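Peer 1: For reference, this is data-v1.csv, and it has CSV, C-alpha atoms and all ligand atoms.
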chain,number,residue,atom,x,y,z
A,1,MET,CA,-5.5,-13.3,17.8
A,2,ALA,CA,-8.5,-11.4,16.7
A,3,SER,CA,-10.2,-9.4,13.9
A,4,VAL,CA,-10.1,-5.6,13.9
A,5,SER,CA,-13.2,-3.6,12.9
A,6,ILE,CA,-12.9,0.1,12.1
A,7,GLU,CA,-16.4,1.6,11.6
A,8,ASP,CA,-16.8,5.1,10.2
A,9,VAL,CA,-13.8,6.4,12.2
A,10,THR,CA,-12.9,10.1,12.0
A,11,LYS,CA,-10.0,12.0,13.6
A,12,ILE,CA,-9.9,15.7,13.9
A,13,TYR,CA,-6.9,17.4,15.4
A,14,GLU,CA,-7.4,20.8,17.0
A,15,ASP,CA,-4.2,22.7,16.0
A,16,SER,CA,-3.5,26.1,17.6
A,17,ASP,CA,-2.0,27.4,14.4
A,18,GLU,CA,-3.9,25.6,11.7
A,19,GLY,CA,-7.3,25.1,13.4
A,20,ARG,CA,-9.2,21.8,12.7
A,21,ILE,CA,-7.3,19.2,10.8
A,22,LEU,CA,-9.3,16.4,9.4
A,23,ALA,CA,-6.7,13.6,9.5
A,24,VAL,CA,-8.9,10.6,9.1
A,25,ASP,CA,-12.3,11.0,7.4
A,26,GLY,CA,-14.9,8.4,7.9
A,27,VAL,CA,-12.8,5.3,7.5
A,28,SER,CA,-14.5,1.8,7.6
A,29,LEU,CA,-12.4,-1.3,7.4
A,30,ASN,CA,-12.7,-4.9,8.5
A,31,ILE,CA,-9.5,-6.8,9.1
A,32,GLU,CA,-9.8,-10.6,9.5
A,33,ASP,CA,-8.3,-12.7,12.2
A,34,GLY,CA,-4.7,-13.5,11.1
A,35,GLU,CA,-4.7,-11.1,8.2
A,36,PHE,CA,-1.7,-9.0,7.2
A,37,VAL,CA,-3.1,-5.6,6.1
A,38,THR,CA,-0.9,-2.8,4.9
A,39,ILE,CA,-2.0,0.9,4.8
A,40,VAL,CA,-0.3,2.9,2.2
A,41,GLY,CA,-0.6,6.5,1.1
A,42,PRO,CA,1.4,9.6,0.6
A,43,SER,CA,2.8,11.6,3.5
A,44,GLY,CA,0.0,13.2,5.5
A,45,SER,CA,-2.7,10.9,4.2
A,46,GLY,CA,-3.6,9.8,7.8
A,47,LYS,CA,-1.9,6.4,7.9
A,48,SER,CA,-0.1,6.9,11.3
A,49,THR,CA,-3.1,8.5,12.8
A,50,LEU,CA,-5.3,5.6,11.9
A,51,LEU,CA,-2.8,3.1,13.3
A,52,ARG,CA,-2.3,5.2,16.5
A,53,MET,CA,-6.0,5.2,17.0
A,54,VAL,CA,-6.0,1.4,16.9
A,55,ALA,CA,-3.1,1.4,19.4
A,56,GLY,CA,-4.9,3.9,21.7
A,57,LEU,CA,-2.2,6.5,21.3
A,58,GLU,CA,-4.7,9.0,19.8
A,59,ASP,CA,-8.3,9.5,20.8
A,60,ILE,CA,-11.0,8.7,18.2
A,61,THR,CA,-13.1,11.8,17.3
A,62,ASP,CA,-16.0,9.8,15.9
A,63,GLY,CA,-16.8,6.2,15.0
A,64,THR,CA,-16.2,2.8,16.6
A,65,MET,CA,-13.2,0.5,16.8
A,66,ARG,CA,-13.3,-3.2,17.8
A,67,ILE,CA,-10.8,-5.8,18.4
A,68,GLY,CA,-12.6,-9.1,18.3
A,69,ASP,CA,-16.1,-8.3,19.7
A,70,ARG,CA,-14.7,-5.7,22.1
A,71,VAL,CA,-15.3,-2.0,21.5
A,72,ILE,CA,-11.9,-0.4,22.3
A,73,ASN,CA,-12.6,3.3,21.9
A,74,ASP,CA,-12.0,4.0,25.6
A,75,VAL,CA,-9.8,1.1,26.5
A,76,GLN,CA,-6.3,2.0,27.7
A,77,PRO,CA,-3.5,1.2,25.2
A,78,GLN,CA,-1.9,-1.5,27.5
A,79,ASP,CA,-5.3,-3.3,27.8
A,80,ARG,CA,-6.1,-3.5,24.1
A,81,GLY,CA,-4.0,-6.6,23.3
A,82,VAL,CA,-1.9,-4.8,20.7
A,83,ALA,CA,1.9,-4.4,20.4
A,84,MET,CA,3.4,-1.7,18.2
A,85,VAL,CA,6.7,-1.5,16.4
A,86,PHE,CA,7.8,2.0,15.6
A,87,GLN,CA,10.0,3.5,12.9
A,88,ASN,CA,12.6,4.7,15.3
A,89,TYR,CA,12.4,1.4,17.3
A,90,ALA,CA,11.7,3.4,20.6
A,91,LEU,CA,14.2,1.3,22.6
A,92,TYR,CA,15.5,2.5,26.0
A,93,PRO,CA,19.2,3.3,25.4
A,94,HIS,CA,20.3,2.5,28.9
A,95,MET,CA,18.8,-1.0,28.9
A,96,THR,CA,20.2,-4.2,27.3
A,97,ALA,CA,18.2,-5.8,24.5
A,98,ARG,CA,17.0,-8.4,27.0
A,99,LYS,CA,15.7,-5.8,29.4
A,100,ASN,CA,14.1,-3.8,26.5
A,101,MET,CA,12.2,-6.9,25.5
A,102,SER,CA,11.1,-7.9,29.0
A,103,TYR,CA,10.5,-4.6,30.7
A,104,GLY,CA,7.0,-3.8,29.3
A,105,LEU,CA,5.9,-7.4,29.8
A,106,LYS,CA,6.9,-7.4,33.4
A,107,LEU,CA,5.0,-4.1,34.0
A,108,THR,CA,1.8,-5.2,32.4
A,109,SER,CA,1.5,-8.9,33.1
A,110,ASP,CA,1.7,-11.1,36.1
A,111,LEU,CA,4.0,-13.6,34.5
A,112,SER,CA,6.8,-15.0,36.7
A,113,ASP,CA,10.4,-13.9,36.0
A,114,ASP,CA,11.1,-17.3,34.6
A,115,GLU,CA,8.2,-17.2,32.2
A,116,VAL,CA,9.2,-13.7,31.0
A,117,ALA,CA,12.8,-14.9,30.5
A,118,GLU,CA,11.6,-17.9,28.5
A,119,ARG,CA,9.4,-15.7,26.2
A,120,VAL,CA,12.3,-13.3,25.6
A,121,GLN,CA,14.6,-16.3,24.7
A,122,GLU,CA,12.0,-17.7,22.3
A,123,ALA,CA,11.4,-14.3,20.6
A,124,ALA,CA,15.1,-13.7,20.4
A,125,GLU,CA,15.6,-17.0,18.7
A,126,MET,CA,12.8,-16.3,16.3
A,127,MET,CA,14.5,-13.0,15.4
A,128,GLY,CA,18.0,-14.4,15.4
A,129,ILE,CA,19.3,-12.1,18.1
A,130,GLU,CA,20.1,-14.6,20.9
A,131,ASP,CA,23.8,-13.4,20.9
A,132,GLN,CA,22.8,-9.8,21.1
A,133,LEU,CA,20.6,-9.9,24.3
A,134,ASP,CA,23.2,-8.5,26.7
A,135,LYS,CA,24.1,-5.5,24.4
A,136,LYS,CA,22.6,-2.0,24.7
A,137,PRO,CA,20.9,-0.5,21.6
A,138,GLY,CA,23.9,1.9,21.1
A,139,SER,CA,26.1,-1.1,20.2
A,140,LEU,CA,23.6,-2.8,17.9
A,141,SER,CA,23.2,-2.1,14.2
A,142,GLY,CA,19.9,-0.6,12.8
A,143,GLY,CA,18.8,-4.0,11.7
A,144,GLN,CA,19.5,-5.6,15.1
A,145,GLN,CA,17.7,-2.7,16.9
A,146,GLN,CA,14.7,-3.3,14.6
A,147,ARG,CA,14.8,-7.0,15.5
A,148,VAL,CA,14.9,-6.2,19.2
A,149,ALA,CA,11.9,-3.9,18.8
A,150,THR,CA,10.0,-6.6,16.9
A,151,GLY,CA,11.1,-9.1,19.6
A,152,ARG,CA,9.7,-6.8,22.2
A,153,ALA,CA,6.3,-6.8,20.4
A,154,ILE,CA,6.4,-10.6,20.0
A,155,VAL,CA,7.0,-11.4,23.7
A,156,ARG,CA,3.7,-9.6,24.6
A,157,ASP,CA,1.9,-12.2,22.6
A,158,PRO,CA,-0.6,-9.6,21.3
A,159,GLU,CA,-3.8,-10.1,19.5
A,160,VAL,CA,-2.7,-7.6,17.0
A,161,PHE,CA,0.7,-6.3,15.7
A,162,LEU,CA,0.8,-2.7,14.7
A,163,PHE,CA,3.8,-1.7,12.5
A,164,ASP,CA,4.5,2.0,11.9
A,165,GLU,CA,7.0,2.2,9.0
A,166,PRO,CA,9.3,-0.2,10.8
A,167,LEU,CA,11.8,-0.6,8.0
A,168,SER,CA,12.1,3.0,6.9
A,169,ASN,CA,15.4,3.6,8.7
A,170,LEU,CA,17.2,0.6,7.2
A,171,ASP,CA,19.3,0.6,4.1
A,172,ALA,CA,17.7,-0.7,0.9
A,173,LYS,CA,19.2,-4.2,1.0
A,174,LEU,CA,18.4,-4.8,4.6
A,175,ARG,CA,14.9,-3.5,4.1
A,176,VAL,CA,14.2,-6.1,1.5
A,177,HIS,CA,15.6,-8.8,3.7
A,178,MET,CA,13.6,-7.7,6.8
A,179,ARG,CA,10.4,-7.7,4.7
A,180,THR,CA,10.7,-11.4,4.2
A,181,GLU,CA,11.7,-11.9,7.8
A,182,LEU,CA,8.7,-10.0,9.2
A,183,GLN,CA,6.4,-11.9,6.9
A,184,ARG,CA,7.8,-15.2,8.0
A,185,ILE,CA,7.3,-14.2,11.7
A,186,GLN,CA,3.8,-13.1,11.0
A,187,GLU,CA,2.9,-16.3,9.2
A,188,GLU,CA,4.5,-18.4,12.0
A,189,LEU,CA,2.6,-16.6,14.7
A,190,GLY,CA,-0.5,-16.0,12.7
A,191,THR,CA,-1.1,-12.7,14.5
A,192,THR,CA,-3.4,-10.2,12.9
A,193,SER,CA,-1.1,-7.4,11.6
A,194,ILE,CA,-1.6,-3.8,10.5
A,195,TYR,CA,1.4,-2.4,8.7
A,196,VAL,CA,1.8,1.3,7.8
A,197,THR,CA,4.2,2.3,5.0
A,198,HIS,CA,4.5,5.0,2.3
A,199,ASP,CA,6.5,2.5,0.3
A,200,GLN,CA,4.1,0.9,-2.3
A,201,GLU,CA,6.6,-1.8,-3.1
A,202,GLU,CA,6.7,-2.9,0.5
A,203,ALA,CA,2.9,-3.0,0.6
A,204,MET,CA,2.7,-5.0,-2.7
A,205,THR,CA,5.2,-7.7,-1.5
A,206,MET,CA,4.1,-8.2,2.1
A,207,SER,CA,0.3,-7.9,2.4
A,208,ASP,CA,-2.7,-10.1,2.2
A,209,ARG,CA,-4.7,-6.9,1.5
A,210,ILE,CA,-3.7,-3.3,0.9
A,211,VAL,CA,-5.6,-0.2,2.0
A,212,VAL,CA,-4.8,2.9,-0.1
A,213,LEU,CA,-5.4,6.1,1.8
A,214,ASP,CA,-5.4,9.7,0.5
A,215,ALA,CA,-6.4,12.8,2.4
A,216,GLY,CA,-7.8,10.7,5.2
A,217,GLN,CA,-10.1,8.6,3.0
A,218,ILE,CA,-9.9,5.1,1.8
A,219,GLN,CA,-9.4,5.0,-2.0
A,220,GLN,CA,-9.4,1.2,-2.4
A,221,VAL,CA,-9.1,-2.0,-0.4
A,222,GLY,CA,-7.9,-5.1,-2.2
A,223,THR,CA,-5.3,-7.8,-2.7
A,224,PRO,CA,-2.0,-6.6,-4.1
A,225,ASP,CA,-3.1,-8.0,-7.4
A,226,GLU,CA,-6.5,-6.2,-7.4
A,227,ILE,CA,-4.8,-2.9,-6.4
A,228,TYR,CA,-2.3,-3.2,-9.2
A,229,ASN,CA,-4.4,-4.6,-12.0
A,230,GLU,CA,-7.8,-3.1,-11.1
A,231,PRO,CA,-7.2,0.3,-9.6
A,232,VAL,CA,-10.6,1.9,-8.9
A,233,ASN,CA,-9.3,5.4,-9.6
A,234,LEU,CA,-6.5,7.5,-11.0
A,235,PHE,CA,-5.0,8.1,-7.6
A,236,VAL,CA,-4.5,4.4,-6.9
A,237,ALA,CA,-3.4,3.8,-10.5
A,238,ASP,CA,-0.7,6.5,-10.2
A,239,PHE,CA,0.4,5.7,-6.6
A,240,VAL,CA,1.0,2.0,-7.2
A,241,GLY,CA,3.6,0.8,-9.7
A,242,SER,CA,7.1,2.1,-10.7
A,243,PRO,CA,7.5,3.7,-13.1
A,244,SER,CA,3.9,4.8,-12.7
A,245,MET,CA,1.1,4.1,-15.2
A,246,ASN,CA,1.0,6.2,-18.4
A,247,THR,CA,-2.1,8.3,-18.8
A,248,PHE,CA,-3.4,10.0,-21.9
A,249,ASP,CA,-6.4,12.3,-22.3
A,250,VAL,CA,-8.8,10.8,-24.8
A,251,LYS,CA,-12.4,10.9,-26.0
A,252,LEU,CA,-14.6,8.1,-27.2
A,253,ASP,CA,-15.7,8.5,-30.8
A,254,GLY,CA,-17.7,5.5,-32.0
A,255,ASN,CA,-15.3,2.6,-31.3
A,256,THR,CA,-12.2,4.8,-31.2
A,257,LEU,CA,-10.4,6.4,-28.3
A,258,VAL,CA,-9.1,9.6,-29.8
A,259,GLY,CA,-6.1,11.1,-28.1
A,260,ASP,CA,-3.9,14.1,-29.0
A,261,ALA,CA,-1.3,12.0,-30.7
A,262,PHE,CA,-2.9,8.7,-31.4
A,263,GLU,CA,-6.1,6.8,-32.0
A,264,TYR,CA,-7.0,3.4,-30.4
A,265,THR,CA,-9.8,1.2,-31.7
A,266,LEU,CA,-11.7,-0.7,-29.1
A,267,SER,CA,-13.5,-4.0,-29.8
A,268,ASN,CA,-17.3,-4.0,-30.1
A,269,GLU,CA,-17.5,-6.0,-26.8
A,270,TYR,CA,-15.4,-3.5,-24.9
A,271,VAL,CA,-17.5,-0.6,-26.2
A,272,GLU,CA,-20.7,-2.4,-25.5
A,273,ARG,CA,-19.5,-2.9,-21.9
A,274,VAL,CA,-18.4,0.6,-21.2
A,275,LYS,CA,-20.7,2.7,-23.3
A,276,GLU,CA,-23.3,3.3,-20.6
A,277,TYR,CA,-20.6,4.7,-18.4
A,278,ALA,CA,-18.3,6.4,-20.8
A,279,SER,CA,-20.5,8.3,-23.2
A,280,GLU,CA,-19.3,9.6,-26.5
A,281,GLY,CA,-17.3,12.8,-26.3
A,282,GLU,CA,-16.9,12.7,-22.5
A,283,PRO,CA,-13.3,13.5,-21.4
A,284,LEU,CA,-11.6,10.2,-20.5
A,285,VAL,CA,-8.2,9.2,-19.4
A,286,LEU,CA,-6.6,6.1,-20.9
A,287,GLY,CA,-4.1,4.4,-18.6
A,288,ILE,CA,-1.5,1.8,-19.6
A,289,ARG,CA,1.3,0.4,-17.4
A,290,PRO,CA,4.9,0.7,-18.8
A,291,GLU,CA,5.4,-3.1,-18.9
A,292,ASN,CA,2.1,-3.6,-20.8
A,293,ILE,CA,3.4,-1.8,-23.9
A,294,VAL,CA,5.5,-3.7,-26.4
A,295,LEU,CA,7.6,-2.6,-29.3
A,296,THR,CA,6.6,-4.0,-32.7
A,297,ASP,CA,7.8,-4.0,-36.3
A,298,ASP,CA,4.3,-4.5,-37.6
A,299,PRO,CA,2.6,-1.1,-37.9
A,300,SER,CA,-0.9,-2.6,-38.3
A,301,GLU,CA,-4.1,-1.7,-36.3
A,302,ASN,CA,-3.7,-0.1,-32.9
A,303,THR,CA,-0.1,0.7,-33.2
A,304,ILE,CA,1.3,4.1,-32.2
A,305,GLN,CA,4.3,5.9,-33.7
A,306,ALA,CA,6.5,7.4,-31.0
A,307,HIS,CA,10.0,8.9,-30.7
A,308,LEU,CA,12.5,7.3,-28.4
A,309,ASP,CA,14.2,10.1,-26.4
A,310,VAL,CA,16.0,8.1,-23.7
A,311,ARG,CA,16.8,4.5,-23.0
A,312,GLU,CA,17.7,3.8,-19.4
A,313,PRO,CA,19.1,0.4,-18.4
A,314,VAL,CA,17.9,-0.8,-15.0
A,315,GLY,CA,19.4,-4.2,-14.4
A,316,SER,CA,17.3,-6.8,-16.2
A,317,ASP,CA,15.1,-4.2,-17.9
A,318,ASN,CA,15.3,-1.1,-20.0
A,319,TYR,CA,13.1,1.9,-19.4
A,320,LEU,CA,12.2,3.7,-22.6
A,321,TYR,CA,11.1,7.4,-22.5
A,322,LEU,CA,9.1,8.2,-25.5
A,323,THR,CA,7.2,11.2,-26.9
A,324,MET,CA,4.1,11.1,-29.1
A,325,GLY,CA,3.3,14.7,-30.0
A,326,ASP,CA,3.0,16.5,-26.7
A,327,ASP,CA,2.3,13.2,-24.8
A,328,GLU,CA,5.1,11.4,-22.9
A,329,CYS,CA,5.1,7.7,-22.5
A,330,ARG,CA,7.2,5.3,-20.4
A,331,VAL,CA,7.8,1.8,-21.5
A,332,ARG,CA,9.5,-1.1,-19.7
A,333,VAL,CA,11.1,-3.7,-21.9
A,334,PRO,CA,13.4,-6.7,-21.3
A,335,GLY,CA,17.1,-5.8,-21.1
A,336,ASP,CA,17.9,-7.3,-24.5
A,337,VAL,CA,15.4,-5.0,-26.2
A,338,LYS,CA,17.6,-2.1,-27.1
A,339,PRO,CA,16.2,0.3,-29.7
A,340,GLU,CA,18.5,3.3,-30.6
A,341,GLU,CA,17.9,6.5,-28.8
A,342,GLY,CA,16.7,9.3,-31.1
A,343,THR,CA,14.9,6.9,-33.5
A,344,ASP,CA,11.2,6.4,-34.2
A,345,VAL,CA,9.6,3.3,-32.8
A,346,THR,CA,6.2,1.6,-33.1
A,347,ILE,CA,4.4,0.6,-29.9
A,348,ARG,CA,1.3,-1.5,-29.2
A,349,PHE,CA,-0.7,-2.6,-26.2
A,350,ASP,CA,-3.6,-4.9,-25.7
A,351,GLU,CA,-7.1,-3.9,-24.8
A,352,SER,CA,-7.0,-6.3,-21.8
A,353,ASN,CA,-4.3,-4.1,-20.2
A,354,LEU,CA,-6.0,-0.8,-20.9
A,355,HIS,CA,-7.6,1.2,-18.0
A,356,LEU,CA,-10.2,3.8,-18.7
A,357,PHE,CA,-11.0,6.5,-16.2
A,358,ARG,CA,-13.5,9.3,-16.3
A,359,GLU,CA,-11.6,12.6,-16.2
A,360,LYS,CA,-14.2,14.4,-14.1
A,361,THR,CA,-14.2,11.9,-11.2
A,362,GLY,CA,-11.0,10.0,-11.7
A,363,ARG,CA,-13.0,6.8,-11.4
A,364,ASN,CA,-12.2,3.7,-13.4
A,365,VAL,CA,-15.0,3.1,-15.8
A,366,LEU,CA,-14.9,-0.7,-15.2
A,367,ALA,CA,-14.9,-0.1,-11.4
A,368,ASP,CA,-18.1,2.0,-11.8
A,369,ILE,CA,-19.7,-0.8,-13.7
A,370,GLU,CA,-18.7,-3.3,-11.1
A,371,GLN,CA,-20.0,-1.1,-8.3
A,372,ALA,CA,-23.3,-0.6,-10.0
A,373,SER,CA,-23.8,-4.3,-10.6
A,374,GLN,CA,-22.8,-5.1,-7.0
A,375,ALA,CA,-25.2,-2.4,-5.8
A,376,SER,CA,-28.0,-3.7,-7.8
A,377,ALA,CA,-27.2,-7.3,-6.7
A,378,SER,CA,-27.2,-6.4,-3.0
A,379,GLY,CA,-29.8,-3.6,-3.2
A,380,ALA,CA,-27.3,-1.3,-1.6
A,381,ASN,CA,-24.0,0.5,-2.4
A,382,SER,CA,-21.6,-1.7,-0.5
A,383,VAL,CA,-18.2,-1.0,-2.1
A,384,ALA,CA,-15.8,0.9,0.1
A,385,THR,CA,-14.4,3.4,-2.4
A,386,ALA,CA,-14.0,7.1,-2.7
A,387,GLU,CA,-17.0,9.1,-3.6
A,388,ASP,CA,-17.5,10.4,-7.1
A,401,LIG,P1,0.8,9.9,7.5
A,401,LIG,O1,1.1,8.9,8.5
A,401,LIG,O2,0.0,9.4,6.3
A,401,LIG,O3,2.0,10.7,7.0
A,401,LIG,P2,-0.5,11.4,9.6
A,401,LIG,O4,-1.5,10.5,10.2
A,401,LIG,O5,0.8,11.6,10.3
A,401,LIG,O6,-0.2,11.0,8.1
A,401,LIG,O7,-1.1,12.9,9.5
A,401,LIG,C1,-2.4,13.1,8.9
A,401,LIG,C2,-2.7,14.6,9.0
A,401,LIG,O8,-2.8,14.9,10.4
A,401,LIG,C3,-1.6,15.5,8.5
A,401,LIG,O9,-2.2,16.6,7.9
A,401,LIG,C4,-0.8,15.9,9.7
A,401,LIG,O10,-0.2,17.1,9.6
A,401,LIG,C5,-1.9,15.9,10.8
A,401,LIG,N1,-1.4,15.6,12.1
A,401,LIG,C6,-0.9,14.4,12.5
A,401,LIG,N2,-0.6,14.5,13.8
A,401,LIG,C7,-1.0,15.7,14.3
A,401,LIG,C8,-1.0,16.3,15.6
A,401,LIG,N3,-0.5,15.7,16.7
A,401,LIG,N4,-1.6,17.5,15.7
A,401,LIG,C9,-2.1,18.2,14.6
A,401,LIG,N5,-2.1,17.6,13.4
A,401,LIG,C10,-1.6,16.4,13.2
Would you put the structure from the file into structure tokens?
Peer 2:
Amino acid sequence: MASVSIEDVTKIYEDSDEGRILAVDGVSLNIEDGEFVTIVGPSGSGKSTLLRMVAGLEDITDGTMRIGDRVINDVQPQDRGVAMVFQNYALYPHMTARKNMSYGLKLTSDLSDDEVAERVQEAAEMMGIEDQLDKKPGSLSGGQQQRVATGRAIVRDPEVFLFDEPLSNLDAKLRVHMRTELQRIQEELGTTSIYVTHDQEEAMTMSDRIVVLDAGQIQQVGTPDEIYNEPVNLFVADFVGSPSMNTFDVKLDGNTLVGDAFEYTLSNEYVERVKEYASEGEPLVLGIRPENIVLTDDPSENTIQAHLDVREPVGSDNYLYLTMGDDECRVRVPGDVKPEEGTDVTIRFDESNLHLFREKTGRNVLADIEQASQASASGANSVATAED
């Protein structure tokens, strides 16, 4: 087991048609020994490229990568102490599951046949595939193939597991089951893991920390709770959460956030806190998550009148699609809250759940304040976030 350190790493592909493609742009990240870190981001954001550079499957254009204390930039993939699990499993079709799991280990280690067999047996038991070892991939289900591929990574006893969208090819139910299983294995083995996915829900449920990537740059690194509740910018706020965060264009006028279709009065403390960073009249974006809005019968201060267009039942909850003037708003309420479609409703949300972003930079005002106070405390700007 080991830590992974990624220091100002950049990857530029030279493409014959498209020229230079900046796939990863100055990424710095420290992953602790035994940590489970997920890299999320939209398609093309550089997730796989970053992972493949750790694996040694892509050259690094610039920067330094370390596993433990060892710089691995020029170390061959098989000598890095990493094992990778791919989306398409990458199993040899003509080999049994047992052979698939043992083959690489035999090639790259000097373990005896008995030791290799023992490791395969142990990993198979861990993955619950002891009975499938003599079958070839063609006669295994997707879930079983995925278990063989993971088992193959386990037998190598790597310092770092690298997962590249390993669950994407499974159906929804199995995917949820396999999440828990992979987490259990990782906890049992305590192996440092880097997990790439485009599925924010997967990232939220599995990780110690999440790295949100966009256009090759880190947007935010944090625990699932931090990423969800304290998004540093509009990109992260929008990417994480389903349905996504509601956003409204507003301006600060005294203590009041003035939007197109509503006004929201902030407390003196809140205004005091943000006023240096959100000046009067500056275009701001107010963000509020659908589950942080409640329906109320009491049209007192800070309530907003809206029209309920559609009520959509989704199991235990109802999604409400509202309009307020030209603004649209999504609300998530418990399943027993069932206002009539086509009627007017009153909504309310608390200041503590409100997010305020600067329209120009997309940055969360509170994150800017936090960054400034950290910078002044440490004498340097040490927060790994996107540039203004
Ligand atoms: P993600 O995994 O987030 O979908 P990738 O790391 O696959 O993103 O890709 C990041 C960017 O690099 C994209 O613009 C993609 O088109 C480009 N890219 C990836 N692999 C190659 C390659 N082998 N040659 C040229 N461009 C590539």
Peer 1: Could you list, as a list in words, all the residues within 7 Å of ligand LIG 401 (chain A), counting all atoms listed in the file?
Peer 2: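 Sorted by chain and then by number, the residues are Tyr13, Glu14, Asp15, Ile21, Leu22, Ala23, Val24, Gly41, Pro42, Ser43, Gly44, Ser45, Gly46, Lys47, Ser48, Thr49, Leu50 and Gly216 of chain A.
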Peer 1: May I ask for the distance between CA of Pro290 (chain A) and CA of Thr223 (chain A), given in Å to one decimal place?
Peer 2: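 If I compute the distance from CA of Pro290 (chain A) to CA of Thr223 (chain A), I get 20.9 Å.
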Peer 1: Just the residues within 10 Å of Arg156 (chain A), please, counting all atoms listed in the file, with nothing from its chain fewer than 3 positions along; format it as a PyMOL selection string.
Peer 2: chain A and resi 81-83+101-102+104-106+108-109+116+119-120+123+151-153+159+161
Peer 1: I'd like the contact shell of Gln76 (chain A) - 10 Å cut-off, all atoms listed in the file, skipping same-chain residues fewer than 5 positions apart - returned as a short mmCIF file (atom, residue, chain, number, x, y, z; two decimals) with C-alpha atoms, in the frame of the given file.
Peer 2:
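This is the output file around.cif:
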data_model
loop_
_atom_site.label_atom_id
_atom_site.label_comp_id
_atom_site.auth_asym_id
_atom_site.auth_seq_id
_atom_site.Cartn_x
_atom_site.Cartn_y
_atom_site.Cartn_z
CA ALA A 55 -3.10 1.40 19.40
CA GLY A 56 -4.90 3.90 21.70
CA LEU A 57 -2.20 6.50 21.30
CA GLY A 81 -4.00 -6.60 23.30
#
Peer 1: Residues at most 9 Å from Tyr195 (chain A), counting only C-alpha atoms, excluding those fewer than 6 positions away in the same chain, as a list in words?
Peer 2: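 These residues fall inside the cut-off: Phe36, Val37, Thr38, Ile39, Val40, Leu51, Phe161, Leu162, Phe163, Asp164, Glu165, Pro166, Ala203 and Ser207 of chain A.
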Peer 1: Could you check how far CA of His94 (chain A) sits from CA of Asp79 (chain A), in Å to one decimal?
Peer 2: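 Between CA of His94 (chain A) and CA of Asp79 (chain A) the gap works out to 26.3 Å.
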Peer 1: Will you model N, CA and C atoms for region 346-358 of chain A and pass it back as a compact mmCIF listing (two decimals), keeping the file's coordinate frame?
Peer 2:
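Below is the file out_39.txt, written as the result:
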# COMPACT_ATOMS: atom_id res chain seq x y z
N THR A 346 7.62 1.89 -33.00
CA THR A 346 6.20 1.60 -33.10
C THR A 346 5.82 0.82 -31.80
N ILE A 347 4.79 1.26 -31.12
CA ILE A 347 4.40 0.60 -29.90
C ILE A 347 2.94 0.07 -30.02
N ARG A 348 2.65 -0.92 -29.18
CA ARG A 348 1.30 -1.50 -29.20
C ARG A 348 0.95 -1.99 -27.82
N PHE A 349 -0.31 -1.94 -27.49
CA PHE A 349 -0.70 -2.60 -26.20
C PHE A 349 -2.12 -3.20 -26.44
N ASP A 350 -2.39 -4.17 -25.58
CA ASP A 350 -3.60 -4.90 -25.70
C ASP A 350 -4.76 -4.23 -24.94
N GLU A 351 -5.94 -4.40 -25.46
CA GLU A 351 -7.10 -3.90 -24.80
C GLU A 351 -7.27 -4.40 -23.37
N SER A 352 -6.85 -5.65 -23.17
CA SER A 352 -7.00 -6.30 -21.80
C SER A 352 -6.17 -5.57 -20.78
N ASN A 353 -5.13 -4.85 -21.21
CA ASN A 353 -4.30 -4.10 -20.20
C ASN A 353 -4.62 -2.67 -20.11
N LEU A 354 -5.62 -2.27 -20.82
CA LEU A 354 -6.00 -0.80 -20.90
C LEU A 354 -6.88 -0.49 -19.68
N HIS A 355 -6.67 0.67 -19.11
CA HIS A 355 -7.60 1.20 -18.00
C HIS A 355 -8.18 2.46 -18.54
N LEU A 356 -9.47 2.59 -18.25
CA LEU A 356 -10.20 3.80 -18.70
C LEU A 356 -10.79 4.50 -17.53
N PHE A 357 -10.45 5.77 -17.37
CA PHE A 357 -11.00 6.50 -16.20
C PHE A 357 -11.78 7.71 -16.75
N ARG A 358 -12.74 8.13 -15.94
CA ARG A 358 -13.50 9.30 -16.30
C ARG A 358 -12.69 10.53 -15.75
